[in-house]
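Peer 1: The following file, query-v7.pdb, comprises PDB, C-alpha atoms:
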```pdb
MODEL        1
ATOM      1  CA  GLN G   1       9.496 -10.265  14.832
ATOM      2  CA  VAL G   2       8.344  -7.809  12.192
ATOM      3  CA  GLN G   3       4.846  -8.389  10.902
ATOM      4  CA  LEU G   4       2.725  -6.466   8.400
ATOM      5  CA  VAL G   5      -0.967  -7.289   8.017
ATOM      6  CA  GLU G   6      -2.947  -5.801   5.145
ATOM      7  CA  SER G   7      -6.725  -5.498   5.012
ATOM      8  CA  GLY G   8      -9.425  -3.685   3.078
ATOM      9  CA  GLY G   9      -9.225  -5.368  -0.296
ATOM     10  CA  GLY G  10     -12.228  -6.708  -2.142
ATOM     11  CA  LEU G  11     -14.412  -6.447  -5.218
ATOM     12  CA  VAL G  12     -15.474  -2.982  -6.348
ATOM     13  CA  GLN G  13     -17.077  -1.584  -9.481
ATOM     14  CA  PRO G  14     -15.171   0.746 -11.801
ATOM     15  CA  GLY G  15     -15.271   4.272 -10.450
ATOM     16  CA  GLY G  16     -15.600   3.037  -6.886
ATOM     17  CA  SER G  17     -13.332   3.450  -3.872
ATOM     18  CA  LEU G  18     -11.519   1.275  -1.372
ATOM     19  CA  ARG G  19      -9.244   1.992   1.558
ATOM     20  CA  LEU G  20      -6.454  -0.408   2.336
ATOM     21  CA  SER G  21      -4.832  -0.620   5.758
ATOM     22  CA  CYS G  22      -1.551  -2.134   6.842
ATOM     23  CA  VAL G  23      -0.860  -2.623  10.528
ATOM     24  CA  ALA G  24       2.747  -3.106  11.559
ATOM     25  CA  SER G  25       4.064  -4.817  14.671
ATOM     26  CA  GLY G  26       7.514  -5.606  15.977
ATOM     27  CA  ILE G  27       9.062  -2.379  14.704
ATOM     28  CA  THR G  28       9.483   1.249  15.699
ATOM     29  CA  PHE G  29       6.984   2.248  13.055
ATOM     30  CA  SER G  30       7.867   5.925  12.942
ATOM     31  CA  ASP G  31      11.423   5.095  11.796
ATOM     32  CA  TYR G  32      10.263   3.187   8.745
ATOM     33  CA  HIS G  33       9.705   4.173   5.147
ATOM     34  CA  MET G  34       6.353   2.623   4.204
ATOM     35  CA  ALA G  35       5.016   1.773   0.783
ATOM     36  CA  TRP G  36       2.298   0.009  -1.137
ATOM     37  CA  TYR G  37       3.133  -2.155  -4.136
ATOM     38  CA  ARG G  38       0.918  -4.198  -6.395
ATOM     39  CA  GLN G  39       1.392  -7.233  -8.571
ATOM     40  CA  VAL G  40      -0.557  -8.891 -11.334
ATOM     41  CA  PRO G  41       0.216 -12.559 -12.069
ATOM     42  CA  GLY G  42       3.012 -12.826 -14.602
ATOM     43  CA  GLN G  43       4.130  -9.231 -14.098
ATOM     44  CA  GLN G  44       6.682  -7.511 -11.907
ATOM     45  CA  ARG G  45       5.669  -5.972  -8.621
ATOM     46  CA  GLU G  46       5.292  -2.229  -9.076
ATOM     47  CA  LEU G  47       5.368   0.693  -6.686
ATOM     48  CA  VAL G  48       1.958   2.256  -6.075
ATOM     49  CA  ALA G  49       2.812   4.819  -3.408
ATOM     50  CA  SER G  50       5.292   5.457  -0.630
ATOM     51  CA  ILE G  51       5.534   7.675   2.427
ATOM     52  CA  SER G  52       8.696   8.499   4.326
ATOM     53  CA  LYS G  53       9.054   8.917   8.057
ATOM     54  CA  GLY G  54       9.039  12.632   7.331
ATOM     55  CA  MET G  55       5.643  12.295   5.568
ATOM     56  CA  ASN G  56       7.023  12.851   2.081
ATOM     57  CA  THR G  57       4.922  10.965  -0.452
ATOM     58  CA  ASN G  58       5.604   9.507  -3.868
ATOM     59  CA  TYR G  59       3.174   7.928  -6.353
ATOM     60  CA  GLY G  60       3.330   5.739  -9.404
ATOM     61  CA  ASP G  61       2.311   7.580 -12.552
ATOM     62  CA  SER G  62      -0.755   5.393 -13.097
ATOM     63  CA  VAL G  63      -2.326   6.299  -9.733
ATOM     64  CA  LYS G  64      -1.428   9.980  -9.337
ATOM     65  CA  GLY G  65      -4.484  12.052  -8.550
ATOM     66  CA  ARG G  66      -6.567   8.982  -7.654
ATOM     67  CA  PHE G  67      -4.751   7.318  -4.747
ATOM     68  CA  THR G  68      -3.584   8.818  -1.463
ATOM     69  CA  ILE G  69      -1.138   7.261   0.977
ATOM     70  CA  SER G  70      -1.079   8.276   4.619
ATOM     71  CA  ARG G  71       0.250   6.980   7.905
ATOM     72  CA  ASP G  72      -0.736   7.104  11.551
ATOM     73  CA  ASN G  73       2.325   6.586  13.706
ATOM     74  CA  THR G  74       0.186   6.333  16.848
ATOM     75  CA  GLU G  75      -1.628   3.330  15.343
ATOM     76  CA  ASN G  76       1.379   1.810  13.513
ATOM     77  CA  THR G  77      -0.738   1.878  10.393
ATOM     78  CA  VAL G  78      -0.303   2.977   6.789
ATOM     79  CA  TYR G  79      -3.322   3.550   4.577
ATOM     80  CA  LEU G  80      -3.988   3.663   0.868
ATOM     81  CA  GLN G  81      -7.139   5.491  -0.165
ATOM     82  CA  MET G  82      -8.034   4.448  -3.690
ATOM     83  CA  ASN G  83     -10.608   6.454  -5.625
ATOM     84  CA  SER G  84     -11.853   6.336  -9.214
ATOM     85  CA  LEU G  85     -10.758   2.728  -9.453
ATOM     86  CA  LYS G  86     -10.213   1.198 -12.876
ATOM     87  CA  PRO G  87     -10.162  -2.443 -14.004
ATOM     88  CA  GLU G  88      -6.408  -2.092 -14.561
ATOM     89  CA  ASP G  89      -5.998  -1.448 -10.820
ATOM     90  CA  THR G  90      -6.891  -5.090 -10.229
ATOM     91  CA  ALA G  91      -3.948  -6.730  -8.448
ATOM     92  CA  VAL G  92      -2.682  -8.056  -5.157
ATOM     93  CA  TYR G  93      -1.604  -5.089  -3.069
ATOM     94  CA  TYR G  94       1.359  -5.506  -0.734
ATOM     95  CA  CYS G  95       2.533  -3.402   2.160
ATOM     96  CA  ASN G  96       6.280  -2.822   2.521
ATOM     97  CA  ALA G  97       8.288  -1.500   5.454
ATOM     98  CA  ARG G  98      11.873  -0.436   4.892
ATOM     99  CA  TYR G  99      14.524   0.786   7.273
ATOM    100  CA  ILE G 100      17.740  -1.210   7.352
ATOM    101  CA  SER G 101      15.993  -4.218   5.829
ATOM    102  CA  SER G 102      12.757  -4.645   3.917
ATOM    103  CA  THR G 103       9.688  -6.539   5.081
ATOM    104  CA  TRP G 104       6.568  -7.474   3.119
ATOM    105  CA  GLY G 105       3.032  -8.292   4.089
ATOM    106  CA  ARG G 106       1.109 -11.177   2.559
ATOM    107  CA  GLY G 107      -1.020  -8.964   0.369
ATOM    108  CA  THR G 108      -4.692  -8.218  -0.141
ATOM    109  CA  GLN G 109      -6.589  -8.771  -3.371
ATOM    110  CA  VAL G 110      -8.246  -5.815  -5.081
ATOM    111  CA  THR G 111     -10.574  -6.606  -7.979
ATOM    112  CA  VAL G 112     -12.183  -3.840 -10.018
ATOM    113  CA  SER G 113     -14.926  -5.238 -12.198
ATOM    114  CA  SER G 114     -18.529  -4.662 -13.148
TER     115      SER G 114
ENDMDL
END
```
Before we go any further, please render this structure as C-alpha coordinates.
Peer 2:
Amino acid sequence: QVQLVESGGGLVQPGGSLRLSCVASGITFSDYHMAWYRQVPGQQRELVASISKGMNTNYGDSVKGRFTISRDNTENTVYLQMNSLKPEDTAVYYCNARYISSTWGRGTQVTVSS
(Lines of atoms letter the chains of each structure in order from A and count residues from 1; the text may use other names and numbers.)
(Lines give C-alpha, C1' and ligand atoms only; values in the text may rest on other atoms or scores of the structure.)
Protein backbone atom coordinates (compact mmCIF):
# COMPACT_ATOMS: atom_id res chain seq x y z
CA GLN A 1 0.00 0.00 0.00
CA VAL A 2 1.46 3.31 -1.10
CA GLN A 3 1.48 6.00 1.54
CA LEU A 4 2.82 9.56 1.51
CA VAL A 5 3.03 11.53 4.76
CA GLU A 6 3.80 15.24 4.67
CA SER A 7 5.13 17.28 7.59
CA GLY A 8 6.75 20.62 8.29
CA GLY A 9 3.92 23.02 7.62
CA GLY A 10 2.92 25.78 9.99
CA LEU A 11 2.59 29.50 10.53
CA VAL A 12 5.50 31.71 9.47
CA GLN A 13 5.98 35.43 9.02
CA PRO A 14 6.56 36.94 5.58
CA GLY A 15 10.19 36.59 4.61
CA GLY A 16 10.59 33.48 6.74
CA SER A 17 11.45 29.90 5.81
CA LEU A 18 9.98 26.44 6.20
CA ARG A 19 11.08 23.00 5.10
CA LEU A 20 8.46 20.47 4.15
CA SER A 21 9.12 16.73 4.17
CA CYS A 22 7.26 13.89 2.55
CA VAL A 23 8.05 10.33 3.55
CA ALA A 24 6.97 7.58 1.19
CA SER A 25 6.29 3.95 2.01
CA GLY A 26 5.10 0.98 0.01
CA ILE A 27 6.97 1.97 -3.15
CA THR A 28 10.40 1.68 -4.72
CA PHE A 29 10.99 5.35 -4.08
CA SER A 30 13.90 5.78 -6.46
CA ASP A 31 11.69 4.83 -9.43
CA TYR A 32 9.18 7.58 -8.77
CA HIS A 33 8.81 11.10 -10.07
CA MET A 34 8.08 13.22 -6.99
CA ALA A 35 6.40 16.59 -6.78
CA TRP A 36 4.91 19.19 -4.49
CA TYR A 37 1.62 20.86 -5.33
CA ARG A 38 -0.39 23.43 -3.45
CA GLN A 39 -4.03 24.40 -3.31
CA VAL A 40 -5.97 27.35 -2.01
CA PRO A 41 -9.69 26.82 -1.30
CA GLY A 42 -11.73 27.53 -4.41
CA GLN A 43 -8.72 27.31 -6.72
CA GLN A 44 -7.11 24.56 -8.76
CA ARG A 45 -4.20 22.60 -7.39
CA GLU A 46 -0.99 23.95 -8.89
CA LEU A 47 2.46 22.51 -9.35
CA VAL A 48 5.07 24.00 -7.02
CA ALA A 49 8.09 21.86 -7.86
CA SER A 50 8.99 18.42 -9.14
CA ILE A 51 12.05 16.18 -9.19
CA SER A 52 12.57 13.20 -11.44
CA LYS A 53 14.28 9.95 -10.54
CA GLY A 54 17.25 11.35 -12.43
CA MET A 55 17.27 14.44 -10.14
CA ASN A 56 16.00 16.83 -12.80
CA THR A 57 13.99 19.61 -11.19
CA ASN A 58 11.19 21.85 -12.37
CA TYR A 59 9.56 24.82 -10.60
CA GLY A 60 6.42 26.86 -10.89
CA ASP A 61 7.11 30.41 -12.03
CA SER A 62 5.89 31.92 -8.75
CA VAL A 63 8.44 30.04 -6.62
CA LYS A 64 11.55 30.03 -8.83
CA GLY A 65 14.56 31.30 -6.94
CA ARG A 66 12.84 30.93 -3.56
CA PHE A 67 11.97 27.23 -3.24
CA THR A 68 14.21 24.20 -3.65
CA ILE A 69 13.08 20.61 -4.07
CA SER A 70 15.36 17.71 -3.22
CA ARG A 71 15.11 14.01 -2.53
CA ASP A 72 16.92 11.44 -0.43
CA ASN A 73 16.40 8.00 -1.92
CA THR A 74 18.02 6.35 1.10
CA GLU A 75 15.35 7.88 3.35
CA ASN A 76 12.43 7.63 0.88
CA THR A 77 11.90 11.32 1.43
CA VAL A 78 11.34 14.39 -0.74
CA TYR A 79 11.87 17.86 0.67
CA LEU A 80 10.73 21.35 -0.20
CA GLN A 81 12.85 24.15 1.20
CA MET A 82 10.84 27.35 1.09
CA ASN A 83 12.60 30.67 1.61
CA SER A 84 11.47 34.30 1.36
CA LEU A 85 7.90 33.20 1.96
CA LYS A 86 5.08 35.51 0.92
CA PRO A 87 1.45 35.68 2.06
CA GLU A 88 0.44 34.37 -1.38
CA ASP A 89 2.33 31.15 -0.62
CA THR A 90 -0.37 30.32 1.93
CA ALA A 91 -1.97 27.03 0.89
CA VAL A 92 -2.23 23.35 1.65
CA TYR A 93 0.86 21.67 0.23
CA TYR A 94 0.52 18.15 -1.15
CA CYS A 95 3.14 15.57 -1.97
CA ASN A 96 2.69 13.54 -5.16
CA ALA A 97 4.39 10.35 -6.31
CA ARG A 98 4.05 9.29 -9.92
CA TYR A 99 5.26 6.23 -11.75
CA ILE A 100 2.60 4.16 -13.48
CA SER A 101 -0.10 5.68 -11.30
CA SER A 102 -0.27 8.80 -9.16
CA THR A 103 -0.57 8.93 -5.39
CA TRP A 104 -1.23 11.92 -3.14
CA GLY A 105 -0.54 12.67 0.47
CA ARG A 106 -3.09 14.31 2.75
CA GLY A 107 -1.37 17.67 2.72
CA THR A 108 0.16 20.06 5.21
CA GLN A 109 -1.02 23.61 5.82
CA VAL A 110 1.39 26.49 5.25
CA THR A 111 0.26 29.92 6.44
CA VAL A 112 2.36 33.01 5.79
CA SER A 113 1.10 35.91 7.85
CA SER A 114 2.29 38.60 10.20
Peer 1: Step by step, work through what the PyMOL selection byres ((chain G and resi 9-23) around 6) selects in the shown file, and finish by giving those residues as a PyMOL selection string.
Peer 2: chain G and resi 4-8+24+76-86+108-114
Peer 1: Can you list what the PyMOL selection byres ((chain G and resi 90-104) around 6) grabs from this structure, as a VMD selection string?
Peer 2: chain G and resid 32 to 40 87 to 89 105 107 to 112
Peer 1: To one decimal place, how far is CA of Ser62 (chain G) from CA of Arg106 (chain G) in Å?
Peer 2: 22.9 Å
Peer 1: Using only C-alpha atoms, which of the listed residues (G:Gln3, G:Gly26, G:Asp31, G:Ile69) sits closest to Ala49 (chain G)?
Peer 2: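 Counting only C-alpha atoms, the residue closest to Ala49 (chain G) is G:Ile69.
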Peer 1: What does the distance between CA of Asn73 (chain G) and CA of Leu47 (chain G) come to in Å, to one decimal place?
Peer 2: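 About the pair CA of Asn73 (chain G) and CA of Leu47 (chain G): they are 21.4 Å apart.
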Peer 1: So what do you get for CA of Ser25 (chain G) versus CA of Val2 (chain G), distance-wise?
Peer 2: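 Rounded to one decimal, the two atoms are 5.8 Å apart.
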Peer 1: Quick one: which residues end up in the PyMOL selection byres ((chain G and resi 56) around 12) for this structure, as a PDB file with C-alpha atoms, in the frame of the given file?
Peer 2:
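part-v9.pdb was written with the following content:
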```pdb
ATOM      1  CA  HIS G  33       9.705   4.173   5.147  1.00  0.00           C
ATOM      2  CA  MET G  34       6.353   2.623   4.204  1.00  0.00           C
ATOM      3  CA  ALA G  35       5.016   1.773   0.783  1.00  0.00           C
ATOM      4  CA  ALA G  49       2.812   4.819  -3.408  1.00  0.00           C
ATOM      5  CA  SER G  50       5.292   5.457  -0.630  1.00  0.00           C
ATOM      6  CA  ILE G  51       5.534   7.675   2.427  1.00  0.00           C
ATOM      7  CA  SER G  52       8.696   8.499   4.326  1.00  0.00           C
ATOM      8  CA  LYS G  53       9.054   8.917   8.057  1.00  0.00           C
ATOM      9  CA  GLY G  54       9.039  12.632   7.331  1.00  0.00           C
ATOM     10  CA  MET G  55       5.643  12.295   5.568  1.00  0.00           C
ATOM     11  CA  THR G  57       4.922  10.965  -0.452  1.00  0.00           C
ATOM     12  CA  ASN G  58       5.604   9.507  -3.868  1.00  0.00           C
ATOM     13  CA  TYR G  59       3.174   7.928  -6.353  1.00  0.00           C
ATOM     14  CA  THR G  68      -3.584   8.818  -1.463  1.00  0.00           C
ATOM     15  CA  ILE G  69      -1.138   7.261   0.977  1.00  0.00           C
ATOM     16  CA  SER G  70      -1.079   8.276   4.619  1.00  0.00           C
ATOM     17  CA  ARG G  71       0.250   6.980   7.905  1.00  0.00           C
TER      18      ARG G  71
END
```
Peer 1: Padding 3 Å on every side, please: axis-aligned box over the listed atoms of region 106-112 of chain G, centre and edge lengths to one decimal in Å, as JSON.
Peer 2:
```
{"center_x": -5.5, "center_y": -7.5, "center_z": -3.7, "size_x": 19.3, "size_y": 13.3, "size_z": 18.6}
```
Peer 1: Taking N, CA and C atoms as the atom set, what does region 18-39 of chain G look like once completed, written as a PDB file, keeping the file's coordinate frame?
Peer 2:
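What ended up in out-v1.pdb:
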```pdb
ATOM      1  N   LEU G  18     -11.889   2.190  -2.452  1.00  0.00           N
ATOM      2  CA  LEU G  18     -11.519   1.275  -1.372  1.00  0.00           C
ATOM      3  C   LEU G  18     -10.435   1.952  -0.544  1.00  0.00           C
ATOM      4  N   ARG G  19     -10.357   1.553   0.718  1.00  0.00           N
ATOM      5  CA  ARG G  19      -9.244   1.992   1.558  1.00  0.00           C
ATOM      6  C   ARG G  19      -8.541   0.771   2.122  1.00  0.00           C
ATOM      7  N   LEU G  20      -7.275   0.665   1.805  1.00  0.00           N
ATOM      8  CA  LEU G  20      -6.454  -0.408   2.336  1.00  0.00           C
ATOM      9  C   LEU G  20      -5.757   0.058   3.603  1.00  0.00           C
ATOM     10  N   SER G  21      -5.563  -0.883   4.526  1.00  0.00           N
ATOM     11  CA  SER G  21      -4.832  -0.620   5.758  1.00  0.00           C
ATOM     12  C   SER G  21      -3.732  -1.650   5.914  1.00  0.00           C
ATOM     13  N   CYS G  22      -2.658  -1.226   6.533  1.00  0.00           N
ATOM     14  CA  CYS G  22      -1.551  -2.134   6.842  1.00  0.00           C
ATOM     15  C   CYS G  22      -1.092  -1.812   8.264  1.00  0.00           C
ATOM     16  N   VAL G  23      -1.269  -2.792   9.139  1.00  0.00           N
ATOM     17  CA  VAL G  23      -0.860  -2.623  10.528  1.00  0.00           C
ATOM     18  C   VAL G  23       0.476  -3.315  10.744  1.00  0.00           C
ATOM     19  N   ALA G  24       1.405  -2.584  11.312  1.00  0.00           N
ATOM     20  CA  ALA G  24       2.747  -3.106  11.559  1.00  0.00           C
ATOM     21  C   ALA G  24       2.938  -3.427  13.034  1.00  0.00           C
ATOM     22  N   SER G  25       3.693  -4.473  13.304  1.00  0.00           N
ATOM     23  CA  SER G  25       4.064  -4.817  14.671  1.00  0.00           C
ATOM     24  C   SER G  25       5.516  -5.277  14.678  1.00  0.00           C
ATOM     25  N   GLY G  26       6.135  -5.156  15.844  1.00  0.00           N
ATOM     26  CA  GLY G  26       7.514  -5.606  15.977  1.00  0.00           C
ATOM     27  C   GLY G  26       8.547  -4.620  15.486  1.00  0.00           C
ATOM     28  N   ILE G  27       8.123  -3.395  15.179  1.00  0.00           N
ATOM     29  CA  ILE G  27       9.062  -2.379  14.704  1.00  0.00           C
ATOM     30  C   ILE G  27       8.761  -1.042  15.365  1.00  0.00           C
ATOM     31  N   THR G  28       9.734  -0.142  15.322  1.00  0.00           N
ATOM     32  CA  THR G  28       9.483   1.249  15.699  1.00  0.00           C
ATOM     33  C   THR G  28       8.951   1.921  14.449  1.00  0.00           C
ATOM     34  N   PHE G  29       7.653   1.904  14.309  1.00  0.00           N
ATOM     35  CA  PHE G  29       6.984   2.248  13.055  1.00  0.00           C
ATOM     36  C   PHE G  29       7.427   3.607  12.520  1.00  0.00           C
ATOM     37  N   SER G  30       7.580   4.557  13.398  1.00  0.00           N
ATOM     38  CA  SER G  30       7.867   5.925  12.942  1.00  0.00           C
ATOM     39  C   SER G  30       9.233   6.045  12.260  1.00  0.00           C
ATOM     40  N   ASP G  31      10.103   5.065  12.441  1.00  0.00           N
ATOM     41  CA  ASP G  31      11.423   5.095  11.796  1.00  0.00           C
ATOM     42  C   ASP G  31      11.398   4.577  10.365  1.00  0.00           C
ATOM     43  N   TYR G  32      10.300   3.948   9.987  1.00  0.00           N
ATOM     44  CA  TYR G  32      10.263   3.187   8.745  1.00  0.00           C
ATOM     45  C   TYR G  32       9.665   3.966   7.580  1.00  0.00           C
ATOM     46  N   HIS G  33      10.265   3.749   6.425  1.00  0.00           N
ATOM     47  CA  HIS G  33       9.705   4.173   5.147  1.00  0.00           C
ATOM     48  C   HIS G  33       8.672   3.126   4.752  1.00  0.00           C
ATOM     49  N   MET G  34       7.435   3.550   4.503  1.00  0.00           N
ATOM     50  CA  MET G  34       6.353   2.623   4.204  1.00  0.00           C
ATOM     51  C   MET G  34       5.882   2.789   2.762  1.00  0.00           C
ATOM     52  N   ALA G  35       5.439   1.697   2.181  1.00  0.00           N
ATOM     53  CA  ALA G  35       5.016   1.773   0.783  1.00  0.00           C
ATOM     54  C   ALA G  35       3.956   0.721   0.485  1.00  0.00           C
ATOM     55  N   TRP G  36       3.229   0.980  -0.561  1.00  0.00           N
ATOM     56  CA  TRP G  36       2.298   0.009  -1.137  1.00  0.00           C
ATOM     57  C   TRP G  36       2.797  -0.338  -2.538  1.00  0.00           C
ATOM     58  N   TYR G  37       2.819  -1.641  -2.816  1.00  0.00           N
ATOM     59  CA  TYR G  37       3.133  -2.155  -4.136  1.00  0.00           C
ATOM     60  C   TYR G  37       1.950  -3.000  -4.602  1.00  0.00           C
ATOM     61  N   ARG G  38       1.931  -3.284  -5.884  1.00  0.00           N
ATOM     62  CA  ARG G  38       0.918  -4.198  -6.395  1.00  0.00           C
ATOM     63  C   ARG G  38       1.526  -5.108  -7.446  1.00  0.00           C
ATOM     64  N   GLN G  39       0.880  -6.254  -7.618  1.00  0.00           N
ATOM     65  CA  GLN G  39       1.392  -7.233  -8.571  1.00  0.00           C
ATOM     66  C   GLN G  39       0.249  -7.985  -9.226  1.00  0.00           C
TER      67      GLN G  39
END
```
